[in-house]
>>> print(open('work.tsv').read())   # TSV, C-alpha atoms
chain	number	residue	atom	x	y	z
A	1	MET	CA	121.05	131.55	201.07
A	2	LYS	CA	119.05	133.98	199.00
A	3	HIS	CA	120.42	134.64	195.55
A	4	GLU	CA	119.71	138.10	194.24
A	5	LEU	CA	118.22	138.35	190.79
A	6	VAL	CA	120.25	141.41	189.89
A	7	GLU	CA	123.95	141.68	190.48
A	8	ARG	CA	125.13	144.95	191.95
A	9	LEU	CA	128.51	146.58	192.38
A	10	THR	CA	129.77	145.75	195.85
A	11	VAL	CA	132.27	148.61	195.64
A	12	PRO	CA	130.44	151.65	194.22
A	13	MET	CA	132.15	153.87	191.68
A	14	GLY	CA	134.21	156.34	193.65
A	15	LYS	CA	137.37	158.33	194.11
A	16	ARG	CA	139.67	155.32	193.70
A	17	ASP	CA	138.36	154.71	190.18
A	18	HIS	CA	139.61	156.04	186.88
A	19	ILE	CA	136.66	158.06	185.65
A	20	LEU	CA	135.87	159.88	182.40
A	21	GLY	CA	133.08	162.43	182.16
A	22	PRO	CA	131.28	164.94	184.37
A	23	GLU	CA	131.21	164.25	188.11
A	24	ASN	CA	127.53	165.16	188.40
A	25	ALA	CA	126.56	162.86	185.51
A	26	SER	CA	123.01	161.54	185.53
A	27	ALA	CA	124.15	157.98	184.79
A	28	THR	CA	127.26	155.87	185.25
A	29	LEU	CA	128.78	153.13	183.12
A	30	LEU	CA	131.48	150.90	184.58
A	31	GLU	CA	133.41	148.19	182.80
A	32	TYR	CA	135.46	145.32	184.20
A	33	GLY	CA	137.91	144.39	181.46
A	34	ASP	CA	141.13	142.68	180.41
A	35	TYR	CA	143.54	144.32	177.94
A	36	GLU	CA	144.36	141.02	176.24
A	37	CYS	CA	140.76	139.82	175.89
A	38	PRO	CA	139.51	140.15	172.29
A	39	PHE	CA	135.92	140.72	173.44
A	40	CYS	CA	137.13	143.64	175.55
A	41	GLY	CA	138.95	144.96	172.49
A	42	ALA	CA	135.63	144.98	170.66
A	43	ALA	CA	133.91	146.51	173.68
A	44	HIS	CA	136.50	149.30	173.70
A	45	MET	CA	135.15	150.51	170.35
A	46	LEU	CA	131.63	150.19	171.72
A	47	VAL	CA	132.45	152.32	174.77
A	48	LYS	CA	134.03	154.96	172.51
A	49	ALA	CA	130.86	155.09	170.44
A	50	ILE	CA	128.67	155.35	173.55
A	51	LEU	CA	130.82	158.14	174.96
A	52	GLU	CA	130.68	159.95	171.64
A	53	SER	CA	126.90	159.77	171.78
A	54	VAL	CA	126.18	160.59	175.45
A	55	GLY	CA	129.61	161.25	176.95
A	56	ASP	CA	128.61	164.71	178.16
A	57	ARG	CA	125.84	163.19	180.29
A	58	ILE	CA	127.38	160.04	181.69
A	59	CYS	CA	130.59	159.10	183.40
A	60	PHE	CA	132.57	156.00	182.58
A	61	ALA	CA	134.94	154.03	184.80
A	62	PHE	CA	137.21	151.10	183.99
A	63	ARG	CA	138.31	148.41	186.45
A	64	HIS	CA	140.78	145.60	185.82
A	65	PHE	CA	139.74	141.97	185.57
A	66	PRO	CA	142.78	140.24	184.05
A	67	LEU	CA	142.34	136.50	183.39
A	68	SER	CA	146.05	135.89	183.54
A	69	ASN	CA	146.02	132.12	183.05
A	70	ALA	CA	144.23	132.55	179.74
A	71	HIS	CA	145.96	135.83	178.84
A	72	PRO	CA	149.61	135.85	179.89
A	73	HIS	CA	150.10	139.60	179.25
A	74	ALA	CA	146.87	140.79	180.85
A	75	GLU	CA	148.25	141.36	184.34
A	76	SER	CA	151.31	143.36	183.28
A	77	ALA	CA	149.18	145.36	180.83
A	78	ALA	CA	146.77	146.25	183.66
A	79	GLU	CA	149.71	147.26	185.84
A	80	ALA	CA	151.10	149.31	182.91
A	81	ALA	CA	147.84	151.26	182.73
A	82	GLU	CA	148.10	151.94	186.48
A	83	ALA	CA	151.78	152.88	186.18
A	84	ALA	CA	150.88	155.29	183.37
A	85	GLY	CA	148.08	156.57	185.60
A	86	ALA	CA	150.65	157.40	188.27
A	87	GLN	CA	152.27	159.59	185.62
A	88	GLY	CA	148.93	161.16	184.74
A	89	ALA	CA	148.20	159.17	181.60
A	90	PHE	CA	145.89	156.29	182.53
A	91	TRP	CA	143.38	156.80	179.70
A	92	GLU	CA	146.06	157.43	177.09
A	93	MET	CA	147.73	154.11	177.97
A	94	HIS	CA	144.32	152.41	178.24
A	95	ASP	CA	143.58	153.35	174.62
A	96	VAL	CA	147.00	152.31	173.35
A	97	LEU	CA	146.75	148.92	175.09
A	98	PHE	CA	143.35	148.16	173.60
A	99	GLU	CA	144.55	149.26	170.17
A	100	ASN	CA	147.56	146.91	170.41
A	101	GLN	CA	146.17	143.83	172.10
A	102	ASP	CA	148.58	141.48	170.35
A	103	ALA	CA	151.71	143.42	171.34
A	104	LEU	CA	151.87	143.62	175.13
A	105	ASP	CA	155.42	142.48	175.99
A	106	TYR	CA	157.56	144.60	178.30
A	107	ASP	CA	159.33	146.01	175.22
A	108	ASP	CA	155.99	147.00	173.74
A	109	LEU	CA	154.84	148.58	177.02
A	110	ALA	CA	158.08	150.56	177.22
A	111	GLU	CA	157.59	151.71	173.64
A	112	TYR	CA	154.04	152.89	174.36
A	113	ALA	CA	155.24	154.75	177.44
A	114	ALA	CA	157.87	156.49	175.33
A	115	ILE	CA	155.33	157.39	172.64
A	116	LEU	CA	153.11	158.89	175.35
A	117	GLU	CA	156.17	160.85	176.56
A	118	LEU	CA	156.17	159.10	179.93
A	119	ASP	CA	159.16	157.94	181.93
A	120	ALA	CA	159.37	154.49	180.31
A	121	SER	CA	162.08	153.08	182.56
A	122	ARG	CA	160.14	154.06	185.68
A	123	LEU	CA	157.02	152.44	184.23
A	124	ILE	CA	158.80	149.16	183.45
A	125	MET	CA	160.54	149.17	186.83
A	126	GLU	CA	157.21	149.62	188.60
A	127	ILE	CA	155.64	146.78	186.60
A	128	ARG	CA	158.58	144.48	187.35
A	129	ALA	CA	158.28	145.36	191.03
A	130	ASN	CA	154.50	144.70	190.90
A	131	ALA	CA	153.97	148.15	192.35
A	132	TYR	CA	150.32	148.19	191.22
A	133	ALA	CA	149.54	144.49	191.60
A	134	GLY	CA	147.60	145.16	194.80
A	135	ARG	CA	145.48	147.78	193.13
A	136	VAL	CA	144.71	145.45	190.19
A	137	ARG	CA	143.84	142.68	192.66
A	138	GLU	CA	141.42	145.00	194.47
A	139	ASP	CA	139.59	145.58	191.21
A	140	PHE	CA	139.55	141.85	190.49
A	141	SER	CA	138.22	141.01	193.97
A	142	SER	CA	135.45	143.60	193.84
A	143	GLY	CA	134.48	142.23	190.43
A	144	LEU	CA	134.25	138.68	191.72
A	145	ARG	CA	131.94	139.75	194.49
A	146	SER	CA	129.79	141.83	192.16
A	147	GLY	CA	128.95	139.07	189.70
A	148	VAL	CA	131.67	139.61	187.12
A	149	ASN	CA	131.91	136.13	185.61
A	150	GLY	CA	133.93	136.98	182.54
A	151	THR	CA	135.04	139.97	180.51
A	152	PRO	CA	133.87	142.44	179.57
A	153	THR	CA	131.16	142.99	182.18
A	154	PHE	CA	129.32	146.30	182.32
A	155	PHE	CA	127.41	147.95	185.17
A	156	ILE	CA	124.93	150.74	184.57
A	157	ASN	CA	124.26	152.81	187.69
A	158	GLY	CA	125.73	150.01	189.76
A	159	VAL	CA	123.58	147.20	188.34
A	160	ARG	CA	125.04	144.54	186.05
A	161	TYR	CA	123.98	145.07	182.47
A	162	ASP	CA	123.12	141.74	180.83
A	163	GLY	CA	121.52	143.11	177.68
A	164	PRO	CA	122.98	143.16	174.19
A	165	ARG	CA	126.40	144.77	173.85
A	166	ALA	CA	125.55	147.41	171.27
A	167	VAL	CA	125.36	151.21	171.25
A	168	GLU	CA	121.58	151.65	171.02
A	169	PRO	CA	120.39	149.39	173.84
A	170	MET	CA	123.19	150.56	176.12
A	171	VAL	CA	122.54	154.23	175.47
A	172	ALA	CA	118.84	153.53	176.07
A	173	ALA	CA	119.64	151.79	179.37
A	174	LEU	CA	121.86	154.69	180.40
A	175	THR	CA	119.21	157.21	179.44
A	176	TYR	CA	116.29	155.50	181.18
A	177	SER	CA	118.12	154.46	184.30
A	178	GLY	CA	119.53	157.97	184.64
A	179	GLY	CA	116.02	159.36	185.02
B	180	MET	CA	124.07	135.14	176.12
B	181	SER	CA	123.95	133.85	172.53
B	182	ASN	CA	125.00	130.43	173.76
B	183	GLN	CA	122.00	130.19	175.98
B	184	ALA	CA	119.45	129.56	173.23
B	185	ASN	CA	121.60	126.73	171.84
B	186	TYR	CA	121.94	125.19	175.26
B	187	GLU	CA	118.24	125.35	175.90
B	188	GLN	CA	117.64	123.45	172.69
B	189	MET	CA	120.39	121.01	173.44
B	190	TYR	CA	119.51	120.29	177.04
B	191	SER	CA	115.99	119.62	178.18
B	192	LYS	CA	114.67	121.17	181.35
B	193	SER	CA	114.84	118.96	184.40
B	194	PRO	CA	113.24	119.17	187.84
B	195	ARG	CA	115.34	120.84	190.51
B	196	THR	CA	116.33	118.15	192.94
B	197	ALA	CA	119.74	119.34	194.14
B	198	LEU	CA	120.58	118.46	197.73
B	199	PRO	CA	119.90	121.53	199.87
B	200	ALA	CA	122.06	123.08	202.57
B	201	GLY	CA	122.12	121.38	205.96
B	202	GLY	CA	122.49	117.73	205.04
B	203	GLU	CA	125.61	115.60	204.98
B	204	ALA	CA	127.40	115.67	201.64
B	205	PRO	CA	127.45	112.21	200.04
B	206	ASP	CA	131.02	110.93	200.03
B	207	PHE	CA	132.65	109.95	196.76
B	208	SER	CA	135.90	108.71	195.27
B	209	LEU	CA	136.54	109.64	191.66
B	210	ARG	CA	139.53	109.49	189.35
B	211	SER	CA	141.35	112.78	188.86
B	212	THR	CA	143.90	111.22	186.46
B	213	PRO	CA	144.08	107.73	184.95
B	214	ASP	CA	145.88	106.49	188.08
B	215	GLN	CA	144.89	108.90	190.86
B	216	TRP	CA	141.74	109.11	192.93
B	217	VAL	CA	140.26	111.95	194.97
B	218	THR	CA	137.99	111.20	197.92
B	219	LEU	CA	135.75	113.90	199.35
B	220	SER	CA	136.15	112.83	202.98
B	221	GLU	CA	139.91	113.28	202.71
B	222	PHE	CA	139.26	117.03	202.75
B	223	ARG	CA	137.63	116.85	206.21
B	224	GLY	CA	138.86	119.82	208.23
B	225	GLN	CA	138.60	122.32	205.37
B	226	PRO	CA	135.75	123.58	203.19
B	227	VAL	CA	135.46	122.10	199.70
B	228	ILE	CA	133.85	123.67	196.66
B	229	VAL	CA	132.35	121.00	194.41
B	230	ALA	CA	131.54	122.42	190.97
B	231	PHE	CA	129.49	120.09	188.76
B	232	TYR	CA	129.48	121.15	185.11
B	233	PRO	CA	127.98	119.52	182.03
B	234	ALA	CA	131.03	118.98	179.86
B	235	ASP	CA	134.67	119.78	179.15
B	236	TRP	CA	135.21	122.11	176.16
B	237	SER	CA	131.73	123.64	176.05
B	238	PRO	CA	132.08	127.43	175.97
B	239	VAL	CA	130.40	128.37	179.26
B	240	CYS	CA	132.19	125.62	181.17
B	241	GLY	CA	135.43	126.93	179.74
B	242	ASP	CA	134.71	130.42	180.98
B	243	GLN	CA	133.45	129.19	184.35
B	244	MET	CA	136.46	126.94	184.96
B	245	ALA	CA	138.84	129.66	183.67
B	246	LEU	CA	137.30	132.07	186.17
B	247	TYR	CA	137.66	129.61	189.07
B	248	ASN	CA	141.24	129.02	187.99
B	249	GLU	CA	141.93	132.74	188.44
B	250	ILE	CA	140.18	132.85	191.80
B	251	LEU	CA	142.01	129.86	193.27
B	252	PRO	CA	144.20	132.12	195.43
B	253	GLU	CA	141.05	133.76	196.87
B	254	PHE	CA	139.51	130.35	197.58
B	255	GLN	CA	142.75	129.20	199.19
B	256	LYS	CA	142.89	132.34	201.31
B	257	LEU	CA	139.51	131.27	202.67
B	258	GLY	CA	140.97	127.83	203.38
B	259	ALA	CA	138.94	126.05	200.71
B	260	ALA	CA	139.77	123.37	198.16
B	261	LEU	CA	138.10	123.21	194.74
B	262	VAL	CA	137.19	120.25	192.56
B	263	GLY	CA	135.35	120.22	189.23
B	264	ILE	CA	133.20	117.22	188.29
B	265	SER	CA	131.73	116.18	184.95
B	266	VAL	CA	130.91	112.89	183.25
B	267	ASP	CA	133.92	113.23	180.93
B	268	GLY	CA	136.68	110.61	181.23
B	269	THR	CA	140.12	111.26	182.69
B	270	TRP	CA	141.91	111.61	179.33
B	271	CYS	CA	139.42	114.21	178.21
B	272	HIS	CA	139.82	116.05	181.54
B	273	ALA	CA	143.61	115.89	181.18
B	274	ALA	CA	143.51	117.47	177.71
B	275	PHE	CA	141.01	120.13	178.82
B	276	ALA	CA	142.97	120.99	181.97
B	277	LYS	CA	146.21	121.23	180.00
B	278	ASP	CA	144.65	123.44	177.34
B	279	ARG	CA	143.11	125.82	179.91
B	280	LYS	CA	146.09	125.57	182.29
B	281	LEU	CA	143.78	124.62	185.16
B	282	HIS	CA	145.41	124.32	188.58
B	283	PHE	CA	142.71	122.31	190.31
B	284	PRO	CA	141.53	118.70	189.82
B	285	LEU	CA	138.77	117.74	187.41
B	286	LEU	CA	137.11	114.51	188.53
B	287	ALA	CA	135.61	111.95	186.18
B	288	ASP	CA	132.06	110.93	187.13
B	289	PHE	CA	132.44	108.41	184.35
B	290	GLU	CA	131.73	104.89	185.63
B	291	PRO	CA	129.05	104.28	186.65
B	292	LYS	CA	128.22	107.33	184.59
B	293	GLY	CA	126.92	110.28	186.60
B	294	ALA	CA	126.61	108.31	189.84
B	295	VAL	CA	128.01	111.13	191.97
B	296	ALA	CA	125.91	113.78	190.23
B	297	ARG	CA	122.89	111.54	190.89
B	298	SER	CA	123.73	111.27	194.58
B	299	TYR	CA	123.74	115.09	194.76
B	300	GLY	CA	120.47	115.31	192.83
B	301	VAL	CA	122.01	117.13	189.89
B	302	TYR	CA	122.03	114.55	187.10
B	303	ARG	CA	120.07	115.28	183.93
B	304	GLU	CA	118.85	111.81	182.95
B	305	LYS	CA	117.65	112.80	179.54
B	306	ASP	CA	120.83	114.61	178.58
B	307	GLY	CA	123.31	112.28	180.23
B	308	VAL	CA	125.24	115.13	181.87
B	309	SER	CA	125.13	116.91	185.21
B	310	GLU	CA	123.55	120.24	185.97
B	311	ARG	CA	125.75	123.27	186.36
B	312	ALA	CA	125.63	123.02	190.14
B	313	LEU	CA	127.75	124.34	192.98
B	314	PHE	CA	128.08	122.92	196.47
B	315	VAL	CA	130.09	124.44	199.29
B	316	ILE	CA	130.80	121.70	201.82
B	317	ASP	CA	131.96	122.68	205.28
B	318	ALA	CA	134.93	121.31	207.21
B	319	ASP	CA	132.70	118.64	208.84
B	320	GLY	CA	131.39	117.35	205.53
B	321	PHE	CA	127.98	119.04	205.57
B	322	ILE	CA	126.49	121.01	202.68
B	323	HIS	CA	126.61	124.69	203.65
B	324	TRP	CA	125.32	126.13	200.38
B	325	SER	CA	124.16	124.84	197.04
B	326	HIS	CA	123.16	126.52	193.83
B	327	VAL	CA	121.98	125.27	190.44
B	328	SER	CA	122.18	127.65	187.51
B	329	PRO	CA	120.74	127.33	184.02
B	330	VAL	CA	123.06	125.10	182.01
B	331	GLY	CA	124.10	127.94	179.69
B	332	VAL	CA	124.73	130.53	182.40
B	333	ASN	CA	128.06	130.98	184.16
B	334	PRO	CA	127.19	131.18	187.87
B	335	GLY	CA	130.37	133.09	188.68
B	336	ALA	CA	131.99	133.11	192.08
B	337	ALA	CA	130.11	135.64	194.20
B	338	GLY	CA	127.87	132.98	195.81
B	339	ILE	CA	130.80	130.69	196.57
B	340	LEU	CA	132.83	133.51	198.11
B	341	SER	CA	130.04	134.66	200.39
B	342	ALA	CA	129.37	131.06	201.48
B	343	LEU	CA	133.08	130.59	202.30
B	344	GLU	CA	133.15	133.90	204.15
B	345	GLU	CA	130.16	132.80	206.23
B	346	LEU	CA	131.98	129.59	207.11
B	347	GLN	CA	135.04	131.55	208.13
B	348	THR	CA	133.00	133.93	210.31
B	349	LYS	CA	131.34	130.91	211.95
B	350	LYS	CA	134.72	129.31	212.59
B	351	GLU	CA	136.11	132.51	214.09
B	352	ALA	CA	133.04	132.92	216.32
B	353	ALA	CA	133.40	129.31	217.49
B	354	ALA	CA	137.07	129.87	218.27
B	355	VAL	CA	136.24	132.93	220.40
B	356	SER	CA	133.46	131.33	222.44
>>> encode(input="work.tsv", output="structure tokens")
Amino acid sequence: MKHELVERLTVPMGKRDHILGPENASATLLEYGDYECPFCGAAHMLVKAILESVGDRICFAFRHFPLSNAHPHAESAAEAAEAAGAQGAFWEMHDVLFENQDALDYDDLAEYAAILELDASRLIMEIRANAYAGRVREDFSSGLRSGVNGTPTFFINGVRYDGPRAVEPMVAALTYSGG
Amino acid sequence: MSNQANYEQMYSKSPRTALPAGGEAPDFSLRSTPDQWVTLSEFRGQPVIVAFYPADWSPVCGDQMALYNEILPEFQKLGAALVGISVDGTWCHAAFAKDRKLHFPLLADFEPKGAVARSYGVYREKDGVSERALFVIDADGFIHWSHVSPVGVNPGAAGILSALEELQTKKEAAAVS
């Protein structure tokens, strides 16, 4: 079987994704991440810096890739972000989760929901009922088939980015690949 | 990627001699625990993923095995079993598997050292460890797909999944005709 040299997204960025930035952006950045992974915590700051620099020209999407054997809270945190998304606050919860990677128990999640003025009991109920487990699994599956071998993994315009994880090279890659 | 430079210094380059797709997979019996053995031919009737890796505890192996641990349900959905093989002994495997909460067997290619890796053409003589090599073996015991990646690079699961999906499509087509 032929093995491609570049890994590409098997599920292109689309309507099902949580997306920040202009729809007609010249370049796209997509991250597969895990809320309990310390490297993703570091990457969160990196993404913020990239968006600050070129956020008006690119759009950014986040997909879940929880390694739940290594990170026992990663799955429920991912589902919490989705549950918050159902209440219109995906990105707000996304930020709070990354800023509190060591406090992701149900009690913590409920507290964050309350701080974000969401319906906390609905959010916890939905997590307990695994209401968004299927959605998280879809992200995970598409990641596996796209060459996501660990977290975080970035894709620029649908192609896996294997360069250094720093603002300058990533902004350069986004700028050049955007044409 | 920072690990890669270290690995390249640590492990010399070796010729690529991995058994290709099409041939029969050499059978083996290896210890999975100090008193249990796993034999490849016992899996006849279902696909088996054989993942050779250089060593327990090394960072890339950890990530690679952690990833496969997460994907086990996907592999099982495709009817496949998974075994990891390295030259580490069973007690080392047991400690590694416990630490990483692995839910699949790690087999000890320990005595004679690397014999199974050698029979698959993925033993690095000079380094005394196996390549980071993947084999997908079909239900009849033939190699359907093989892949060797640089020792420091996590090969991921995309190749395994598409190989298993091919096998499933083949099986379904055979059932129809």
>>> residues_near_point(input="work.tsv", point="(126.2, 123.2, 199.0)", cutoff="7 Å", atoms="all atoms listed in the file", output="PDB file with C-alpha atoms, keeping the file's coordinate frame")
ATOM      1  CA  PRO B 199     119.900 121.530 199.870  1.00  0.00           C
ATOM      2  CA  ALA B 200     122.060 123.080 202.570  1.00  0.00           C
ATOM      3  CA  LEU B 313     127.750 124.340 192.980  1.00  0.00           C
ATOM      4  CA  PHE B 314     128.080 122.920 196.470  1.00  0.00           C
ATOM      5  CA  VAL B 315     130.090 124.440 199.290  1.00  0.00           C
ATOM      6  CA  ILE B 316     130.800 121.700 201.820  1.00  0.00           C
ATOM      7  CA  ILE B 322     126.490 121.010 202.680  1.00  0.00           C
ATOM      8  CA  HIS B 323     126.610 124.690 203.650  1.00  0.00           C
ATOM      9  CA  TRP B 324     125.320 126.130 200.380  1.00  0.00           C
ATOM     10  CA  SER B 325     124.160 124.840 197.040  1.00  0.00           C
ATOM     11  CA  HIS B 326     123.160 126.520 193.830  1.00  0.00           C
TER      12      HIS B 326
END
>>> residues_around(input="work.tsv", residues="region 223-233 of chain B", least_positions_apart="5", cutoff="7 Å", atoms="all atoms listed in the file", output="ChimeraX atom specification")
/B:240,258-265,308-320
>>> interface_residues(input="work.tsv", of="chain A", to="chain B", cutoff="10 Å", atoms="only C-alpha atoms", output="ChimeraX atom specification")
/A:1-4,7,65-70,140-151,162-164
>>> atom_distance(input="work.tsv", atom1="CA of Asp56 (chain A)", atom2="CA of Thr175 (chain A)")
12.1 Å
>>> atom_distance(input="work.tsv", atom1="CA of Cys37 (chain A)", atom2="CA of His94 (chain A)")
13.3 Å
>>> closest_residue(input="work.tsv", among="A:Leu20, A:Leu104, A:Val96, A:Thr10", to="Glu52 (chain A)", atoms="all atoms listed in the file")
A:Leu20
>>> residues_near_point(input="work.tsv", point="(153.0, 140.9, 180.4)", cutoff="7 Å", atoms="only C-alpha atoms", output="PyMOL selection string")
chain A and resi 72-77+104-106
>>> closest_residue(input="work.tsv", among="B:Arg297, B:Arg210, B:Lys305, B:Lys349", to="Thr269 (chain B)", atoms="all atoms listed in the file")
B:Arg210
>>> residues_around(input="work.tsv", residues="Ala110 (chain A)", least_positions_apart="3", cutoff="8 Å", atoms="only C-alpha atoms", output="number ranges by chain")
A: 106-107, 113-114, 120-121, 123-124
>>> build_atoms(input="work.tsv", residues="region 48-60 of chain A", atoms="N, CA and C atoms", output="compact mmCIF listing (two decimals), keeping the file's coordinate frame")
# COMPACT_ATOMS: atom_id res chain seq x y z
N LYS A 48 133.70 153.69 173.20
CA LYS A 48 134.03 154.96 172.51
C LYS A 48 132.79 155.52 171.84
N ALA A 49 132.05 154.64 171.17
CA ALA A 49 130.86 155.09 170.44
C ALA A 49 129.79 155.60 171.41
N ILE A 50 129.66 154.91 172.56
CA ILE A 50 128.67 155.35 173.55
C ILE A 50 129.06 156.71 174.11
N LEU A 51 130.36 156.87 174.39
CA LEU A 51 130.82 158.14 174.96
C LEU A 51 130.66 159.28 173.94
N GLU A 52 130.85 158.94 172.67
CA GLU A 52 130.68 159.95 171.64
C GLU A 52 129.22 160.42 171.62
N SER A 53 128.33 159.46 171.87
CA SER A 53 126.90 159.77 171.78
C SER A 53 126.38 160.49 173.03
N VAL A 54 126.75 160.00 174.22
CA VAL A 54 126.18 160.59 175.45
C VAL A 54 127.25 160.92 176.51
N GLY A 55 128.49 161.06 176.03
CA GLY A 55 129.61 161.25 176.95
C GLY A 55 129.52 162.50 177.81
N ASP A 56 128.72 163.49 177.36
CA ASP A 56 128.61 164.71 178.16
C ASP A 56 127.64 164.52 179.31
N ARG A 57 126.87 163.40 179.26
CA ARG A 57 125.84 163.19 180.29
C ARG A 57 126.16 162.04 181.23
N ILE A 58 127.10 161.19 180.83
CA ILE A 58 127.38 160.04 181.69
C ILE A 58 128.86 160.04 182.10
N CYS A 59 129.17 159.31 183.15
CA CYS A 59 130.59 159.10 183.40
C CYS A 59 130.91 157.61 183.32
N PHE A 60 132.12 157.35 182.87
CA PHE A 60 132.57 156.00 182.58
C PHE A 60 133.79 155.66 183.43
